[in-house]
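What follows is run-v8.cif (mmCIF, C-alpha atoms).
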data_data
loop_
_atom_site.label_atom_id
_atom_site.label_comp_id
_atom_site.auth_asym_id
_atom_site.auth_seq_id
_atom_site.Cartn_x
_atom_site.Cartn_y
_atom_site.Cartn_z
CA MET A 1 0.00 0.00 0.00
CA ASP A 2 1.38 3.43 -0.91
CA VAL A 3 2.13 6.27 1.50
CA LYS A 4 -1.05 8.18 0.63
CA HIS A 5 -3.35 5.30 1.56
CA GLN A 6 -1.26 4.44 4.61
CA LYS A 7 -2.00 7.96 5.88
CA MET A 8 -5.68 7.43 5.14
CA PHE A 9 -5.61 4.21 7.16
CA GLU A 10 -4.01 6.03 10.09
CA GLU A 11 -6.60 8.82 9.94
CA GLN A 12 -9.43 6.27 9.89
CA LEU A 13 -7.98 4.59 12.98
CA TRP A 14 -7.60 7.97 14.74
CA TYR A 15 -11.14 9.04 13.79
CA SER A 16 -12.76 5.94 15.27
CA GLY A 17 -10.91 6.36 18.55
CA HIS A 18 -11.27 10.12 18.91
CA VAL A 19 -14.65 10.79 17.31
CA ILE A 20 -16.94 7.80 16.69
CA HIS A 21 -16.11 6.07 19.98
CA GLU A 22 -16.73 9.32 21.87
CA TYR A 23 -20.11 9.75 20.16
CA TRP A 24 -21.21 6.20 20.90
CA GLY A 25 -20.00 6.24 24.49
CA CYS A 26 -19.77 2.46 24.72
CA PRO A 27 -17.66 1.36 27.72
CA ASP A 28 -17.00 -2.15 26.38
CA TYR A 29 -17.09 -3.46 22.80
CA ALA A 30 -16.37 -7.07 23.72
CA GLY A 31 -18.85 -9.25 21.85
CA LYS A 32 -20.39 -6.30 20.00
CA LYS A 33 -20.89 -6.45 16.23
CA VAL A 34 -19.73 -3.45 14.20
CA LEU A 35 -20.19 -2.79 10.47
CA GLU A 36 -18.60 0.02 8.49
CA ILE A 37 -20.14 0.76 5.11
CA GLY A 38 -17.52 2.24 2.80
CA CYS A 39 -14.70 1.15 5.10
CA ALA A 40 -11.90 2.04 2.61
CA GLU A 41 -8.59 0.79 4.08
CA GLY A 42 -10.40 -0.47 7.17
CA GLY A 43 -8.49 1.61 9.70
CA GLY A 44 -11.67 2.65 11.45
CA LEU A 45 -12.58 -0.95 12.19
CA HIS A 46 -9.16 -1.76 13.62
CA PHE A 47 -9.93 0.41 16.65
CA PHE A 48 -13.10 -1.56 17.47
CA ALA A 49 -11.51 -4.94 16.67
CA GLU A 50 -8.76 -4.16 19.16
CA LYS A 51 -11.49 -3.46 21.74
CA GLY A 52 -12.97 -6.92 21.25
CA ALA A 53 -15.72 -6.24 18.71
CA GLN A 54 -16.59 -8.55 15.84
CA CYS A 55 -16.09 -6.29 12.83
CA PHE A 56 -17.34 -6.26 9.26
CA GLY A 57 -16.31 -3.87 6.50
CA LEU A 58 -18.00 -3.38 3.13
CA GLU A 59 -16.08 -1.52 0.43
CA TYR A 60 -17.11 -0.57 -3.11
CA SER A 61 -13.64 0.18 -4.52
CA PRO A 62 -11.61 -2.94 -5.46
CA SER A 63 -8.28 -1.18 -4.84
CA ARG A 64 -9.24 0.05 -1.38
CA TYR A 65 -10.72 -3.36 -0.57
CA ARG A 66 -7.33 -4.89 -1.38
CA ASN A 67 -5.69 -2.30 0.88
CA ALA A 68 -8.02 -3.33 3.70
CA LEU A 69 -7.11 -7.00 3.28
CA GLU A 70 -3.42 -6.10 3.26
CA MET A 71 -3.73 -4.11 6.49
CA ASP A 72 -5.91 -6.62 8.34
CA SER A 73 -2.88 -7.99 10.26
CA LYS A 74 -4.84 -11.00 11.49
CA LYS A 75 -7.33 -8.81 13.38
CA GLY A 76 -10.08 -11.16 12.20
CA ILE A 77 -12.07 -8.42 10.49
CA THR A 78 -14.41 -9.63 7.75
CA PHE A 79 -13.90 -7.43 4.69
CA LEU A 80 -16.30 -7.69 1.77
CA LEU A 81 -16.24 -6.17 -1.70
CA GLY A 82 -19.62 -4.98 -2.90
CA ASP A 83 -22.29 -2.35 -3.37
CA PHE A 84 -24.34 -1.62 -0.26
CA LEU A 85 -27.37 -0.96 -2.46
CA SER A 86 -27.19 -4.57 -3.69
CA PRO A 87 -27.88 -6.61 -0.52
CA GLU A 88 -27.80 -9.89 -2.41
CA MET A 89 -24.02 -9.44 -2.65
CA TYR A 90 -23.48 -9.62 1.10
CA LYS A 91 -26.71 -10.59 2.90
CA ASP A 92 -25.43 -14.03 3.90
CA LYS A 93 -22.08 -12.69 5.11
CA ILE A 94 -23.18 -9.89 7.45
CA PRO A 95 -25.43 -10.64 10.47
CA ASP A 96 -28.73 -8.79 10.78
CA CYS A 97 -28.27 -8.16 14.50
CA LEU A 98 -25.54 -5.53 14.46
CA ASP A 99 -24.93 -3.32 17.48
CA TYR A 100 -23.20 -0.49 15.62
CA ILE A 101 -23.00 0.73 12.01
CA ILE A 102 -20.75 3.44 10.58
CA LEU A 103 -21.66 5.55 7.52
CA ARG A 104 -18.88 8.12 7.51
CA ASP A 105 -19.04 10.50 4.53
CA VAL A 106 -20.65 7.82 2.36
CA ILE A 107 -24.39 8.55 2.26
CA GLU A 108 -23.91 11.55 -0.06
CA HIS A 109 -22.50 9.18 -2.70
CA LEU A 110 -25.44 6.74 -2.65
CA LYS A 111 -28.16 7.10 -5.29
CA ASP A 112 -31.01 5.75 -3.14
CA LYS A 113 -30.45 7.08 0.36
CA ARG A 114 -33.81 5.98 1.75
CA PHE A 115 -33.25 2.43 0.56
CA ALA A 116 -29.76 2.46 2.10
CA LEU A 117 -31.04 3.70 5.45
CA ASN A 118 -33.83 1.11 5.43
CA ILE A 119 -31.19 -1.60 4.99
CA VAL A 120 -29.25 -0.11 7.90
CA TYR A 121 -32.39 -0.13 10.03
CA ASP A 122 -33.03 -3.80 9.26
CA LEU A 123 -29.41 -4.77 10.02
CA LEU A 124 -29.38 -3.13 13.45
CA THR A 125 -30.53 -4.90 16.57
CA LYS A 126 -33.11 -3.09 18.70
CA GLY A 127 -31.30 -0.21 20.41
CA GLY A 128 -28.44 -0.46 17.91
CA LYS A 129 -26.77 2.76 16.82
CA LEU A 130 -25.74 4.34 13.53
CA PHE A 131 -22.96 6.93 13.24
CA LEU A 132 -23.72 9.04 10.18
CA SER A 133 -21.72 11.95 8.76
CA PHE A 134 -21.98 13.95 5.55
CA PRO A 135 -21.57 17.49 4.16
CA PRO A 136 -25.00 19.14 3.83
CA LYS A 137 -26.32 19.82 0.33
CA TYR A 138 -25.43 23.53 0.29
CA SER A 139 -22.25 23.29 2.33
CA PRO A 140 -19.23 25.21 0.89
CA PHE A 141 -17.60 21.94 -0.20
CA ALA A 142 -20.61 19.65 -0.62
CA GLY A 143 -19.52 19.06 -4.20
CA HIS A 144 -16.22 17.52 -3.01
CA GLN A 145 -14.46 20.02 -5.28
CA GLN A 146 -11.51 19.96 -2.88
CA VAL A 147 -10.27 16.92 -4.83
CA VAL A 148 -9.66 19.09 -7.91
CA THR A 149 -5.91 19.32 -8.49
CA ASN A 150 -5.98 22.96 -9.63
CA LYS A 151 -6.39 25.51 -6.79
CA PHE A 152 -8.98 27.42 -8.83
CA GLY A 153 -11.17 24.33 -8.77
CA LYS A 154 -11.28 24.18 -4.97
CA LEU A 155 -13.31 27.36 -4.48
CA PRO A 156 -16.21 27.12 -1.98
CA TYR A 157 -19.68 26.73 -3.51
CA LEU A 158 -18.14 26.22 -6.96
CA TYR A 159 -20.32 23.13 -7.51
CA LEU A 160 -23.42 25.35 -7.54
CA LEU A 161 -22.60 26.46 -11.07
CA PRO A 162 -25.03 25.12 -13.71
CA VAL A 163 -23.88 21.70 -14.96
CA PRO A 164 -22.73 22.83 -18.44
CA LEU A 165 -20.75 25.74 -17.01
CA TYR A 166 -19.29 23.66 -14.18
CA LYS A 167 -18.24 20.92 -16.60
CA SER A 168 -16.62 23.41 -18.98
CA TYR A 169 -14.80 25.10 -16.13
CA LEU A 170 -13.37 21.80 -14.86
CA ARG A 171 -12.21 20.96 -18.36
CA LEU A 172 -10.56 24.36 -18.58
CA LEU A 173 -8.63 23.37 -15.43
CA SER A 174 -7.44 20.21 -17.24
CA GLN A 175 -9.28 17.78 -14.97
CA PRO A 176 -9.61 14.15 -16.17
CA GLU A 177 -13.01 13.23 -17.60
CA LYS A 178 -13.50 10.53 -14.98
CA ARG A 179 -12.98 13.03 -12.16
CA ILE A 180 -15.35 15.47 -13.82
CA GLU A 181 -18.06 12.82 -14.09
CA ASN A 182 -17.57 11.87 -10.44
CA LEU A 183 -17.88 15.52 -9.38
CA LEU A 184 -21.05 15.95 -11.45
CA THR A 185 -22.51 12.81 -9.86
CA ILE A 186 -21.79 14.13 -6.37
CA LYS A 187 -23.35 17.47 -7.32
CA LYS A 188 -26.53 15.59 -8.25
CA LEU A 189 -26.67 13.30 -5.20
CA ARG A 190 -26.26 15.86 -2.38
CA ILE A 191 -28.77 15.86 0.48
CA SER A 192 -29.86 18.63 2.83
CA LEU A 193 -29.95 18.45 6.61
CA SER A 194 -33.71 18.96 6.74
CA ARG A 195 -34.34 16.17 4.25
CA MET A 196 -32.02 13.80 6.10
CA GLU A 197 -33.72 14.53 9.43
CA ARG A 198 -37.15 13.83 7.94
CA MET A 199 -35.96 10.64 6.28
CA LEU A 200 -34.40 9.25 9.44
CA THR A 201 -37.54 9.96 11.46
CA GLN A 202 -39.87 8.51 8.82
CA ILE A 203 -37.86 5.27 8.69
CA GLY A 204 -38.16 4.92 12.47
CA PHE A 205 -34.79 6.06 13.77
CA HIS A 206 -34.45 8.13 16.91
CA ILE A 207 -31.97 11.00 16.50
CA GLU A 208 -29.94 10.93 19.71
CA GLN A 209 -27.40 13.57 18.74
CA GLU A 210 -26.84 15.93 15.83
CA ASP A 211 -23.81 18.20 15.69
CA LEU A 212 -23.02 20.65 12.91
CA TYR A 213 -19.45 21.87 12.44
CA ILE A 214 -17.73 24.74 10.65
CA ILE A 215 -14.39 23.05 11.41
CA ARG A 216 -14.89 19.30 11.22
CA PRO A 217 -13.34 16.89 13.77
CA CYS A 218 -11.19 15.24 11.06
CA TYR A 219 -9.40 18.58 10.52
CA GLU A 220 -7.73 18.13 13.89
CA ARG A 221 -5.91 15.12 12.51
CA ARG A 222 -5.28 16.54 9.04
CA PHE A 223 -4.32 20.12 9.85
CA GLY A 224 -4.01 20.39 13.63
CA TRP A 225 -7.12 22.59 13.82
CA LYS A 226 -9.44 22.32 16.80
CA CYS A 227 -12.99 21.41 15.73
CA VAL A 228 -15.62 24.14 16.05
CA LYS A 229 -19.38 23.64 16.08
CA ASN A 230 -21.52 25.90 13.93
CA PRO A 231 -22.92 28.75 16.09
CA LEU A 232 -25.68 29.21 13.47
CA SER A 233 -26.86 25.60 13.64
CA ARG A 234 -30.34 26.51 14.92
CA ILE A 235 -31.14 28.92 12.09
CA PRO A 236 -33.02 27.27 9.20
CA VAL A 237 -31.46 27.69 5.75
CA VAL A 238 -28.42 29.48 7.21
CA ARG A 239 -27.24 26.26 8.84
CA GLU A 240 -27.44 24.51 5.48
CA ILE A 241 -25.00 26.90 3.79
CA THR A 242 -22.56 27.42 6.69
CA THR A 243 -22.07 23.86 7.94
CA LEU A 244 -19.03 22.03 6.54
CA GLY A 245 -19.84 18.72 8.19
CA SER A 246 -22.74 17.14 10.07
CA LEU A 247 -22.47 14.24 12.52
CA PHE A 248 -25.45 12.18 13.67
CA VAL A 249 -25.93 9.37 16.15
CA VAL A 250 -29.27 7.65 15.63
CA SER A 251 -30.68 4.52 17.22
CA LYS A 252 -33.22 1.89 16.24
#
Please render this file's structure as structure tokens.
Amino acid sequence: MDVKHQKMFEEQLWYSGHVIHEYWGCPDYAGKKVLEIGCAEGGGLHFFAEKGAQCFGLEYSPSRYRNALEMDSKKGITFLLGDFLSPEMYKDKIPDCLDYIILRDVIEHLKDKRFALNIVYDLLTKGGKLFLSFPPKYSPFAGHQQVVTNKFGKLPYLYLLPVPLYKSYLRLLSQPEKRIENLLTIKKLRISLSRMERMLTQIGFHIEQEDLYIIRPCYERRFGWKCVKNPLSRIPVVREITTLGSLFVVSK
């Protein structure tokens, strides 16, 4: 595994220990079942495996799935390659009585979010918890334009340009066609805070905690910045355009 993905693995491990674990507040993971959807290199699951949990990771990218297998180090984590929106690919390999599920910055990439959350609901045991994070639909970087290699493509709210103009602009910045298509897909699939809250409630989840950040917790690891919650989080509409990252803990 290259240096870039090694760093990603280390951040995932840090994030589980310093953020997700703190949100869940579980004193003992021994015997608990944990699933991460979109587990990438699997670093996040290593934290819980080391605490005694039985861990499962589902990854869509073949290359990152291979990274996860390489880094498993005999932790006994079950890694699976597949699409979460195609349950037939993994239904016999993941138990339907999970205690904890992680959806970290994944839901905004899924075409059918309600279907995905219904699957999560069915997989959780009664009282089980979901950690969910995503950038709100009108967040400054909800379009994931920070992945653009040219600095003029990283501008906040840039993704709000009309599709033809946005596409032409990215081409002007010499971005690969595959990256452009990925960015246009993300632009289309974004979801607002208000819609997510309604969807979770309609499915039957109880929202235990919802925190909105202008400096996300992961920035502490990446840049050494202390996380800051959005002081405007109670103001409708304004919270949608000023929040860089939202973190939810919901239970069945």
Exercise for review: Apply the PyMOL selection byres ((chain A and resi 2-13) around 6) to the structure shown and report the selected residues as number ranges by chain.
Suggested key: A: 1, 14-16, 41, 43-44, 47
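Run against this file, the PyMOL selection byres ((chain A and resi 129) around 6) gives back Tyr100, Gly128, Leu130, Val250 and Ser251 of chain A.
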**Study point:** Resolved residues for the PyMOL selection byres ((chain A and resi 137-150) around 9) as an MDAnalysis selection string
**Key:** chainID A and resid 108 134:136 151:160 170 173:175 179:180 183:193 239:245
Restrict the calculation to only C-alpha atoms, then for each residue of stretch 166-229 of chain A with any atom at most 9 Å from an atom of stretch 119-124 of chain A give the closest atom pair and their distance in Å to one decimal, rows by chain and rising residue number, as CSV.
residue,atom,partner,partner_atom,distance
A:Ile203,CA,A:Tyr121,CA,7.8
A:Gly204,CA,A:Tyr121,CA,8.0
A:Phe205,CA,A:Tyr121,CA,7.6
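Here atom CA of A:Glu88 stands at a distance of 18.4 Å from atom CA of A:Tyr65.
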Point to revise | Point-to-point distance from atom CA of A:Ile77 to atom CA of A:His46, Å rounded to tenths | key: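 According to the coordinates, atom CA of A:Ile77 and atom CA of A:His46 are separated by 7.9 Å.
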